[in-house]
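Data from my_file_34.cif: mmCIF, C-alpha atoms and all ligand atoms
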```
data_entry
#
loop_
_atom_site.label_atom_id
_atom_site.label_comp_id
_atom_site.auth_asym_id
_atom_site.auth_seq_id
_atom_site.Cartn_x
_atom_site.Cartn_y
_atom_site.Cartn_z
CA MET A 1 -52.56 -35.91 -28.89
CA LEU A 2 -49.04 -35.11 -27.73
CA ARG A 3 -46.54 -37.23 -29.65
CA ALA A 4 -43.38 -38.37 -27.93
CA ASN A 5 -41.20 -36.40 -30.34
CA THR A 6 -43.24 -33.19 -30.27
CA ALA A 7 -40.89 -31.33 -27.97
CA ALA A 8 -37.89 -32.18 -30.09
CA ALA A 9 -39.76 -31.30 -33.29
CA ASP A 10 -40.90 -27.94 -31.98
CA SER A 11 -37.46 -27.02 -30.73
CA GLY A 12 -35.98 -27.69 -34.15
CA MET A 13 -34.23 -30.91 -33.13
CA VAL A 14 -36.17 -33.14 -35.51
CA SER A 15 -37.48 -32.04 -38.87
CA SER A 16 -40.68 -34.09 -38.75
CA VAL A 17 -43.05 -31.23 -37.90
CA ASP A 18 -46.44 -31.92 -39.35
CA PRO A 19 -47.50 -28.49 -40.72
CA GLU A 20 -51.17 -29.37 -40.59
CA ALA A 21 -51.03 -30.44 -36.96
CA GLU A 22 -48.95 -27.38 -36.15
CA ALA A 23 -51.47 -25.07 -37.86
CA GLY A 24 -54.20 -26.68 -35.81
CA ARG A 25 -52.28 -25.87 -32.63
CA GLN A 26 -51.85 -22.18 -33.34
CA ASP A 27 -55.36 -21.38 -32.21
CA PHE A 28 -54.74 -23.30 -28.99
CA TYR A 29 -51.46 -21.44 -28.37
CA GLY A 30 -53.25 -18.13 -28.87
CA ARG A 31 -56.08 -18.93 -26.47
CA ALA A 32 -53.71 -20.46 -23.88
CA GLY A 33 -51.47 -17.38 -24.15
CA ALA A 34 -54.43 -15.16 -23.30
CA GLN A 35 -54.69 -17.12 -20.04
CA SER A 36 -50.94 -16.63 -19.35
CA LEU A 37 -50.28 -20.23 -20.28
CA ALA A 38 -47.59 -21.44 -22.63
CA PRO A 39 -46.68 -24.90 -23.97
CA LEU A 40 -43.41 -26.15 -22.50
CA TRP A 41 -42.86 -28.47 -25.47
CA ARG A 42 -42.01 -25.49 -27.69
CA VAL A 43 -39.22 -24.28 -25.43
CA LEU A 44 -38.10 -27.28 -23.38
CA HIS A 45 -34.74 -27.88 -25.02
CA GLY A 46 -33.84 -24.20 -24.98
CA LEU A 47 -34.58 -24.08 -21.25
CA VAL A 48 -32.68 -27.20 -20.29
CA THR A 49 -29.74 -27.25 -22.64
CA GLU A 50 -27.64 -30.28 -23.37
CA MET A 51 -24.51 -28.27 -22.62
CA PRO A 52 -23.70 -24.83 -21.17
CA GLN A 53 -24.71 -22.00 -23.54
CA PRO A 54 -22.59 -19.21 -22.08
CA GLY A 55 -23.52 -16.31 -24.36
CA CYS A 56 -20.24 -14.66 -23.50
CA ILE A 57 -17.43 -15.34 -25.96
CA PRO A 58 -13.65 -15.50 -25.57
CA HIS A 59 -12.28 -11.97 -25.68
CA LEU A 60 -9.05 -10.07 -24.99
CA TRP A 61 -8.78 -6.41 -24.05
CA LYS A 62 -5.25 -5.11 -24.63
CA TYR A 63 -4.57 -2.52 -21.95
CA ALA A 64 -2.62 -0.38 -24.42
CA ASP A 65 -5.79 -0.09 -26.53
CA VAL A 66 -8.08 0.61 -23.57
CA ARG A 67 -5.96 3.07 -21.60
CA PRO A 68 -6.35 6.03 -24.03
CA TYR A 69 -10.13 5.77 -23.63
CA LEU A 70 -9.80 5.93 -19.85
CA ILE A 71 -7.65 9.06 -20.17
CA GLU A 72 -10.12 10.60 -22.63
CA ALA A 73 -13.02 9.84 -20.28
CA CYS A 74 -11.25 11.97 -17.65
CA GLU A 75 -11.51 14.98 -19.97
CA LEU A 76 -15.18 14.34 -20.62
CA ILE A 77 -16.61 13.71 -17.15
CA SER A 78 -15.63 14.23 -13.50
CA THR A 79 -15.93 11.52 -10.84
CA LYS A 80 -18.44 13.81 -9.18
CA GLU A 81 -20.77 13.78 -12.19
CA ALA A 82 -20.15 10.15 -13.12
CA GLU A 83 -20.26 8.96 -9.44
CA ARG A 84 -17.85 6.24 -10.62
CA ARG A 85 -15.79 6.90 -13.77
CA VAL A 86 -15.86 3.37 -15.14
CA LEU A 87 -15.61 2.00 -18.66
CA VAL A 88 -17.55 -1.24 -18.73
CA LEU A 89 -15.77 -4.27 -20.21
CA GLU A 90 -18.63 -5.45 -22.39
CA ASN A 91 -18.30 -9.00 -23.56
CA PRO A 92 -18.87 -8.85 -27.34
CA GLY A 93 -21.29 -11.78 -27.06
CA LEU A 94 -23.41 -9.85 -24.55
CA ARG A 95 -23.37 -6.26 -25.79
CA GLY A 96 -25.40 -3.66 -23.96
CA GLN A 97 -25.77 -5.78 -20.83
CA SER A 98 -22.76 -4.65 -18.78
CA ARG A 99 -21.44 -8.18 -18.48
CA ILE A 100 -17.87 -9.41 -18.85
CA THR A 101 -19.27 -12.96 -18.49
CA GLN A 102 -22.97 -13.85 -18.25
CA SER A 103 -22.93 -13.60 -14.46
CA MET A 104 -20.19 -11.05 -13.71
CA PHE A 105 -19.69 -7.33 -14.18
CA GLY A 106 -16.23 -6.09 -15.16
CA GLY A 107 -15.13 -2.50 -15.61
CA LEU A 108 -12.07 -0.29 -15.44
CA GLN A 109 -12.26 2.68 -13.09
CA ILE A 110 -9.92 5.66 -13.29
CA ILE A 111 -9.52 8.26 -10.57
CA LEU A 112 -7.25 11.27 -10.98
CA PRO A 113 -5.05 12.96 -8.37
CA GLY A 114 -7.21 15.07 -6.05
CA GLU A 115 -10.47 13.39 -7.01
CA THR A 116 -12.85 11.58 -4.68
CA ALA A 117 -15.71 9.22 -5.49
CA PRO A 118 -18.65 9.75 -3.13
CA PRO A 119 -19.82 7.19 -0.55
CA HIS A 120 -22.61 4.76 -1.34
CA ARG A 121 -23.53 1.20 -0.54
CA HIS A 122 -25.31 -1.60 -2.33
CA VAL A 123 -26.22 -5.24 -1.85
CA ALA A 124 -23.94 -6.21 -4.76
CA SER A 125 -20.46 -7.20 -3.60
CA ALA A 126 -17.47 -5.67 -5.37
CA LEU A 127 -13.84 -6.49 -5.87
CA ARG A 128 -11.14 -4.07 -6.96
CA PHE A 129 -8.04 -5.40 -8.62
CA ILE A 130 -5.43 -2.67 -8.83
CA ILE A 131 -3.87 -2.19 -12.25
CA GLU A 132 -2.02 1.11 -12.40
CA GLY A 133 -0.94 3.90 -10.04
CA ARG A 134 -0.36 3.69 -6.34
CA ASP A 135 -1.47 5.07 -3.00
CA ALA A 136 -5.04 6.02 -3.78
CA TYR A 137 -7.35 4.76 -1.07
CA THR A 138 -10.71 3.13 -0.72
CA ALA A 139 -12.61 3.40 2.54
CA VAL A 140 -14.88 0.51 3.49
CA ALA A 141 -17.15 0.63 6.53
CA GLY A 142 -15.14 3.47 8.08
CA GLU A 143 -11.64 2.10 7.43
CA ARG A 144 -9.26 3.20 4.71
CA THR A 145 -6.85 1.03 2.82
CA THR A 146 -4.11 2.28 0.55
CA MET A 147 -4.07 0.44 -2.76
CA ARG A 148 -1.09 -0.66 -4.82
CA PRO A 149 -0.82 -2.59 -8.12
CA GLY A 150 -1.75 -6.25 -7.75
CA ASP A 151 -3.69 -5.70 -4.53
CA PHE A 152 -7.05 -7.47 -4.29
CA VAL A 153 -9.54 -5.29 -2.39
CA ILE A 154 -13.07 -6.21 -1.29
CA THR A 155 -16.17 -4.11 -0.82
CA PRO A 156 -18.54 -6.47 1.05
CA SER A 157 -22.27 -6.42 0.44
CA TRP A 158 -24.08 -3.40 1.91
CA THR A 159 -20.98 -1.62 3.25
CA TRP A 160 -20.43 2.12 2.79
CA HIS A 161 -17.50 2.83 0.50
CA ASP A 162 -15.81 5.80 -1.11
CA HIS A 163 -12.52 6.29 -2.93
CA GLY A 164 -9.95 9.06 -3.16
CA ASN A 165 -6.68 9.66 -4.94
CA GLU A 166 -4.24 11.69 -2.88
CA SER A 167 -1.26 10.57 -4.98
CA ASP A 168 0.19 12.48 -7.91
CA ALA A 169 -0.74 10.03 -10.67
CA PRO A 170 -3.94 8.51 -12.11
CA MET A 171 -5.06 5.28 -10.52
CA VAL A 172 -6.79 2.52 -12.48
CA TRP A 173 -8.38 -0.61 -11.13
CA LEU A 174 -10.69 -3.36 -12.32
CA ASP A 175 -14.11 -3.44 -10.69
CA GLY A 176 -15.74 -6.88 -10.52
CA LEU A 177 -19.29 -7.05 -9.21
CA ASP A 178 -21.97 -9.71 -8.76
CA MET A 179 -25.03 -7.51 -9.41
CA HIS A 180 -26.28 -9.77 -12.19
CA ILE A 181 -26.61 -12.58 -9.66
CA VAL A 182 -28.23 -10.20 -7.17
CA ASN A 183 -30.61 -8.94 -9.87
CA LEU A 184 -31.49 -12.48 -10.98
CA MET A 185 -33.04 -12.79 -7.54
CA ALA A 186 -34.39 -9.21 -7.45
CA ALA A 187 -32.47 -8.62 -4.22
CA SER A 188 -30.76 -5.32 -5.05
CA PHE A 189 -30.78 -2.23 -2.83
CA ARG A 190 -28.58 0.85 -3.24
CA GLU A 191 -28.22 3.95 -1.09
CA GLY A 192 -26.26 7.18 -1.42
CA TYR A 193 -24.62 8.77 1.61
CA GLU A 194 -25.38 12.35 2.65
CA GLY A 195 -22.04 14.09 2.36
CA ASP A 196 -18.76 13.75 0.45
CA ARG A 197 -17.05 11.32 2.82
CA HIS A 198 -18.18 8.61 5.16
CA PRO A 199 -16.60 9.15 8.60
CA LEU A 200 -13.49 7.11 9.40
CA THR A 201 -14.15 5.09 12.54
CA ARG A 202 -11.20 2.70 12.50
CA PRO A 203 -7.48 3.27 11.89
CA GLU A 204 -5.91 2.04 8.66
CA GLY A 205 -4.68 -1.52 9.22
CA ALA A 206 -7.37 -2.41 11.78
CA ALA A 207 -8.86 -5.25 9.72
CA TRP A 208 -5.41 -6.67 9.02
CA ALA A 209 -4.50 -6.57 12.72
CA GLU A 210 -7.71 -8.41 13.59
CA ALA A 211 -7.66 -11.09 10.93
CA GLY A 212 -4.60 -10.83 8.70
CA THR A 213 -2.09 -13.02 10.54
CA ASN A 214 -3.97 -16.26 11.27
CA LEU A 215 -5.10 -14.81 14.57
CA LEU A 216 -8.53 -13.52 15.54
CA PRO A 217 -9.47 -11.50 18.60
CA VAL A 218 -11.03 -13.74 21.27
CA GLY A 219 -14.79 -13.35 21.06
CA HIS A 220 -14.65 -12.27 17.41
CA VAL A 221 -18.07 -12.59 15.80
CA SER A 222 -18.35 -12.64 12.01
CA LYS A 223 -20.87 -10.13 10.73
CA SER A 224 -21.11 -11.70 7.31
CA GLN A 225 -19.78 -14.47 5.10
CA THR A 226 -17.35 -12.03 3.47
CA SER A 227 -13.74 -12.02 4.59
CA PRO A 228 -12.92 -9.52 7.35
CA ILE A 229 -9.70 -8.75 5.44
CA PHE A 230 -10.52 -6.25 2.72
CA ASN A 231 -7.08 -5.72 1.21
CA TYR A 232 -4.94 -8.72 0.20
CA PRO A 233 -1.69 -6.93 -0.69
CA TYR A 234 0.21 -8.12 -3.73
CA ASP A 235 3.63 -8.32 -2.09
CA ARG A 236 2.32 -11.02 0.27
CA THR A 237 0.54 -12.92 -2.49
CA ARG A 238 3.55 -12.77 -4.79
CA GLU A 239 5.90 -13.97 -2.09
CA ALA A 240 3.62 -16.91 -1.25
CA LEU A 241 3.49 -17.93 -4.93
CA ASP A 242 7.24 -17.63 -5.25
CA ARG A 243 7.93 -19.76 -2.18
CA LEU A 244 5.29 -22.28 -3.18
CA SER A 245 6.87 -22.70 -6.60
CA ARG A 246 10.16 -23.69 -4.97
CA PHE A 247 8.87 -26.76 -3.14
CA ARG A 248 5.46 -27.79 -4.46
CA GLU A 249 4.85 -29.90 -7.52
CA ILE A 250 3.20 -27.76 -10.16
CA ASP A 251 -0.43 -28.44 -11.11
CA ALA A 252 -0.52 -29.49 -14.77
CA TRP A 253 -3.72 -27.53 -15.48
CA HIS A 254 -3.37 -24.44 -13.28
CA GLY A 255 0.32 -23.92 -12.56
CA HIS A 256 0.74 -22.67 -8.99
CA LYS A 257 -2.76 -21.42 -8.25
CA MET A 258 -4.03 -20.05 -4.94
CA ARG A 259 -7.53 -19.00 -3.99
CA TYR A 260 -8.25 -15.95 -1.88
CA ILE A 261 -10.03 -17.14 1.25
CA ASN A 262 -11.99 -15.80 4.15
CA PRO A 263 -9.62 -16.80 6.99
CA VAL A 264 -12.54 -17.20 9.39
CA SER A 265 -14.31 -19.89 7.38
CA GLY A 266 -11.85 -21.14 4.79
CA GLY A 267 -14.47 -20.31 2.15
CA TRP A 268 -14.05 -17.86 -0.68
CA ALA A 269 -13.14 -14.31 0.33
CA ILE A 270 -16.37 -13.04 -1.25
CA PRO A 271 -19.32 -15.45 -0.93
CA THR A 272 -20.50 -14.87 -4.50
CA ILE A 273 -17.23 -14.28 -6.37
CA ALA A 274 -14.33 -16.73 -6.54
CA THR A 275 -10.95 -14.99 -6.81
CA CYS A 276 -7.59 -16.61 -7.51
CA MET A 277 -3.99 -15.77 -8.31
CA GLN A 278 -1.77 -18.15 -10.26
CA LEU A 279 1.90 -18.27 -11.14
CA LEU A 280 2.83 -19.82 -14.48
CA PRO A 281 6.60 -20.30 -14.57
CA ARG A 282 8.46 -19.44 -17.76
CA GLY A 283 8.01 -22.17 -20.35
CA PHE A 284 5.03 -23.76 -18.54
CA LYS A 285 2.30 -25.02 -20.85
CA SER A 286 -0.94 -25.94 -19.11
CA ARG A 287 -2.90 -29.01 -20.08
CA PRO A 288 -6.35 -28.33 -21.57
CA TYR A 289 -8.96 -27.44 -18.97
CA ARG A 290 -12.60 -26.43 -18.98
CA SER A 291 -15.13 -25.66 -16.30
CA THR A 292 -18.62 -24.20 -16.05
CA ASP A 293 -17.47 -21.00 -14.34
CA SER A 294 -16.86 -18.43 -17.08
CA THR A 295 -13.76 -16.61 -15.87
CA ALA A 296 -12.16 -13.19 -16.36
CA PHE A 297 -8.35 -13.08 -16.14
CA VAL A 298 -6.17 -10.04 -15.48
CA VAL A 299 -2.48 -10.33 -16.35
CA VAL A 300 -0.43 -9.00 -13.45
CA GLU A 301 3.10 -9.83 -14.61
CA GLY A 302 4.77 -11.49 -17.57
CA THR A 303 3.80 -12.44 -21.08
CA GLY A 304 2.21 -15.49 -22.56
CA ARG A 305 -0.35 -17.00 -24.84
CA SER A 306 -3.73 -18.57 -24.14
CA VAL A 307 -5.81 -20.63 -26.49
CA VAL A 308 -9.44 -20.22 -25.43
CA GLY A 309 -11.74 -22.35 -27.58
CA THR A 310 -10.92 -21.30 -31.13
CA ALA A 311 -9.44 -17.93 -30.08
CA GLU A 312 -5.76 -17.32 -29.47
CA PHE A 313 -4.64 -14.48 -27.21
CA GLU A 314 -1.15 -13.02 -26.74
CA TRP A 315 -1.09 -11.21 -23.45
CA GLY A 316 1.12 -9.01 -21.34
CA PRO A 317 0.79 -6.94 -18.16
CA HIS A 318 -2.66 -5.37 -17.52
CA ASP A 319 -4.36 -7.20 -20.38
CA ILE A 320 -7.73 -8.77 -19.55
CA PHE A 321 -9.29 -11.83 -21.17
CA VAL A 322 -12.35 -14.04 -20.80
CA MET A 323 -12.69 -17.82 -20.77
CA PRO A 324 -16.39 -18.72 -21.27
CA SER A 325 -18.09 -21.63 -19.55
CA TRP A 326 -17.19 -25.09 -20.88
CA THR A 327 -14.63 -23.64 -23.30
CA THR A 328 -11.23 -25.31 -23.27
CA VAL A 329 -8.30 -23.15 -22.22
CA GLU A 330 -4.56 -23.74 -22.52
CA HIS A 331 -2.03 -21.22 -21.18
CA THR A 332 1.61 -20.92 -22.23
CA ALA A 333 3.93 -18.68 -20.21
CA LEU A 334 6.70 -17.02 -22.24
CA THR A 335 8.16 -15.47 -19.06
CA ASP A 336 7.24 -16.07 -15.43
CA ALA A 337 3.64 -14.89 -15.46
CA VAL A 338 1.06 -14.08 -12.80
CA LEU A 339 -2.69 -14.09 -13.52
CA PHE A 340 -5.51 -12.84 -11.31
CA SER A 341 -8.94 -14.28 -12.06
CA TYR A 342 -12.53 -14.07 -10.88
CA SER A 343 -15.70 -16.01 -11.60
CA ASP A 344 -19.01 -17.21 -10.18
CA ARG A 345 -17.41 -20.48 -9.02
CA ALA A 346 -18.16 -19.54 -5.40
CA VAL A 347 -21.88 -19.65 -6.21
CA GLN A 348 -21.72 -22.75 -8.41
CA GLU A 349 -19.85 -24.72 -5.74
CA LYS A 350 -22.37 -23.82 -3.04
CA LEU A 351 -25.23 -24.90 -5.29
CA ASP A 352 -23.55 -28.09 -6.60
CA LEU A 353 -23.58 -26.71 -10.15
CA LEU A 354 -19.87 -26.73 -10.91
CA HIS A 355 -18.53 -29.11 -13.54
CA GLU A 356 -14.94 -29.23 -14.70
CA GLU A 357 -12.86 -31.35 -17.03
CA LYS A 358 -9.11 -31.83 -16.90
CA LEU A 359 -7.86 -33.28 -20.17
C1 LIG A 401 -19.61 0.73 -7.96
O1 LIG A 401 -20.29 1.05 -6.86
C2 LIG A 401 -18.25 0.96 -8.05
O2 LIG A 401 -18.04 1.71 -5.82
C3 LIG A 401 -17.57 0.60 -9.19
O3 LIG A 401 -16.38 2.00 -7.13
C4 LIG A 401 -18.20 0.02 -10.25
C5 LIG A 401 -20.23 -0.78 -11.26
C6 LIG A 401 -21.56 -0.99 -11.23
C7 LIG A 401 -22.28 -0.66 -10.11
C8 LIG A 401 -21.67 -0.09 -9.01
C9 LIG A 401 -17.51 1.61 -6.91
C10 LIG A 401 -19.57 -0.21 -10.19
C11 LIG A 401 -20.29 0.14 -9.05
#
```
The structure given in the file should be rewritten as structure tokens.
Amino acid sequence: MLRANTAAADSGMVSSVDPEAEAGRQDFYGRAGAQSLAPLWRVLHGLVTEMPQPGCIPHLWKYADVRPYLIEACELISTKEAERRVLVLENPGLRGQSRITQSMFGGLQIILPGETAPPHRHVASALRFIIEGRDAYTAVAGERTTMRPGDFVITPSWTWHDHGNESDAPMVWLDGLDMHIVNLMAASFREGYEGDRHPLTRPEGAAWAEAGTNLLPVGHVSKSQTSPIFNYPYDRTREALDRLSRFREIDAWHGHKMRYINPVSGGWAIPTIATCMQLLPRGFKSRPYRSTDSTAFVVVEGTGRSVVGTAEFEWGPHDIFVMPSWTTVEHTALTDAVLFSYSDRAVQEKLDLLHEEKL
């Protein structure tokens, strides 16, 4: 007979396992297994955990340590052969899985002067956050945008995209993708384009003219839940943060933090990936905060320190660090500092999963 404490005992919670009774069950487990049946009571507490078990751990990538590997990769493989020359930011708690957090992909892509990355499309949505170099382009659905450091660029789900660097310096950006969420639901498709470039069908700046100034063309119909703006330029973001900081009371947990929105709906710019930019004024020390959306941060400007759980990170421009789910974070800004961040918050909010705690 099933005792009330059996589930706890079998999951290691209580040490009152009766070895005789357990031995007697083995035969049952074997026969049930042959029928593709398994006892829930042996796994229940691992399935429904008392608290988030993020798997990913706090981690800091210093850009100065990473950059030489990006340069070396350029000598070893072309964009043509690699398709995308990306070094994956592998969370040390999730090695071999191409995850920066348990739900998000993060990688650094480098493209050299004169190189192009061929067109393709996929169901996974992507963000690019520009780290180094200027004036390379990405083309999305037939429209080019020129990218500069600090720009936040979107590749919406299932849109053709290719990249090219017509500048005279290497260009590096962070790629953030949601394919682990897509793959959880076995909803992934990918397609390569015949030819080196997808045709340009719209002039550069078209998307911004249509949706970038709190105006929309009369009769505009949204094709998707993703923002029609696909480049949020840093100079605009930085100016907004600066002006904001002059008249708004600072948030004790987040500093001056703005979310990137789809201006049509007011929702997140990408339906699956929450993206934010925050200004931490010099000397600001945030109060402890935790939330269930494991988050990757990219330092845009300034220097500071973050305590993430038991880890302590000293960061400067271009460094990248991870705050796992339900792990307390405290930021200290040594100079005025600007942090970009992305997470699965957009999904958790829609599904009523998000929990947060402001201490
Ligand atoms: C991808 O398509 C790009 O288009 C970058 O630049 C990184 C990582 C995994 C899967 C697809 C790109 C990617 C990616």
Distance query range 331-334 of chain A at most 10 Å, all atoms listed in the file, self and fewer than 5 positions along chain excluded, as a PyMOL selection string: chain A and resi 253-255+279-289+302-308+312-316
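Pairwise distance (CA of Ser224 in chain A, CA of Ser125 in chain A) equals 11.8 Å.
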Box for ligand LIG 401 (chain A): with edges along x, y and z, all listed atoms inside and 4 Å added on each side, what are the centre and edge lengths in Å to one decimal, as AutoDock Vina command-line options?
```
--center_x -19.3 --center_y 0.5 --center_z -8.5 --size_x 13.9 --size_y 11.0 --size_z 13.4
```
Within 7 Å of ligand LIG 401 (chain A) (all atoms listed in the file), residues as a PyMOL selection string: chain A and resi 84+86+107+109+161-162+175+177
Surrounding residues of Trp160 in chain A excluding itself and chain neighbours under 2 positions, 6 Å, only C-alpha atoms, as a list of chain:residue names: A:His120, A:Arg121, A:Val140, A:Ala141
Identify the residues around (-22.1, -23.4, -23.1) within a radius of 9 Å, measuring from all atoms listed in the file in the coordinates stated by the file, and give them as a CSV table (one decimal) with C-alpha atoms, keeping the file's coordinate frame.
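Written file, out.csv:
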```
chain,number,residue,atom,x,y,z
A,49,THR,CA,-29.7,-27.2,-22.6
A,50,GLU,CA,-27.6,-30.3,-23.4
A,51,MET,CA,-24.5,-28.3,-22.6
A,52,PRO,CA,-23.7,-24.8,-21.2
A,53,GLN,CA,-24.7,-22.0,-23.5
A,54,PRO,CA,-22.6,-19.2,-22.1
A,55,GLY,CA,-23.5,-16.3,-24.4
A,56,CYS,CA,-20.2,-14.7,-23.5
A,292,THR,CA,-18.6,-24.2,-16.0
A,324,PRO,CA,-16.4,-18.7,-21.3
A,325,SER,CA,-18.1,-21.6,-19.6
A,326,TRP,CA,-17.2,-25.1,-20.9
A,327,THR,CA,-14.6,-23.6,-23.3
```
Counting all atoms listed in the file, the option among A:Ile273, A:Leu94, A:Leu241, A:Leu44 closest to Val182 in chain A: A:Ile273
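Atom to atom, CA of Ser222 in chain A and CA of Ile261 in chain A stand 14.3 Å apart.
In this model, the gap between CA of Ala187 in chain A and CA of Ala117 in chain A comes to 24.5 Å.
With all atoms listed in the file as the atoms that count, the minimum distance from Ala206 in chain A to the choices A:Ile320, A:Ala32, A:Ile229, A:Ala23 is reached by A:Ile229.
Closest approach to Pro317 in chain A among A:Asp352, A:Asp27, A:Glu143, A:Glu132: A:Glu132, based on all atoms listed in the file.
For the set A:Thr335, A:Thr272, A:Thr310, A:Ser245, the residue with the smallest atom-to-atom gap to Ser227 in chain A is A:Thr272, counting all atoms listed in the file.
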Find the spatial neighbours of Leu244 in chain A, counting all atoms listed in the file, within a cut-off of 12 Å - ignore same-chain residues fewer than 2 positions away - and output them as a short mmCIF file (atom, residue, chain, number, x, y, z; two decimals) with C-alpha atoms, in the coordinates of the input.
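The new file selection22.cif reads:
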```cif
data_model
loop_
_atom_site.label_atom_id
_atom_site.label_comp_id
_atom_site.auth_asym_id
_atom_site.auth_seq_id
_atom_site.Cartn_x
_atom_site.Cartn_y
_atom_site.Cartn_z
CA THR A 237 0.54 -12.92 -2.49
CA ARG A 238 3.55 -12.77 -4.79
CA GLU A 239 5.90 -13.97 -2.09
CA ALA A 240 3.62 -16.91 -1.25
CA LEU A 241 3.49 -17.93 -4.93
CA ASP A 242 7.24 -17.63 -5.25
CA ARG A 246 10.16 -23.69 -4.97
CA PHE A 247 8.87 -26.76 -3.14
CA ARG A 248 5.46 -27.79 -4.46
CA GLU A 249 4.85 -29.90 -7.52
CA ILE A 250 3.20 -27.76 -10.16
CA ASP A 251 -0.43 -28.44 -11.11
CA GLY A 255 0.32 -23.92 -12.56
CA HIS A 256 0.74 -22.67 -8.99
CA LYS A 257 -2.76 -21.42 -8.25
CA MET A 258 -4.03 -20.05 -4.94
CA GLN A 278 -1.77 -18.15 -10.26
CA LEU A 279 1.90 -18.27 -11.14
CA LEU A 280 2.83 -19.82 -14.48
CA PRO A 281 6.60 -20.30 -14.57
#
```
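Of the listed residues (A:Gly33, A:Val48, A:Val298, A:Val172), A:Val172 comes nearest to Cys74 in chain A; the distances count all atoms listed in the file.
Proximity to Gly114 in chain A was assessed for A:Ala82, A:Met171, A:Val218, A:Leu127 counting only C-alpha atoms; the smallest distance is recorded for A:Met171.
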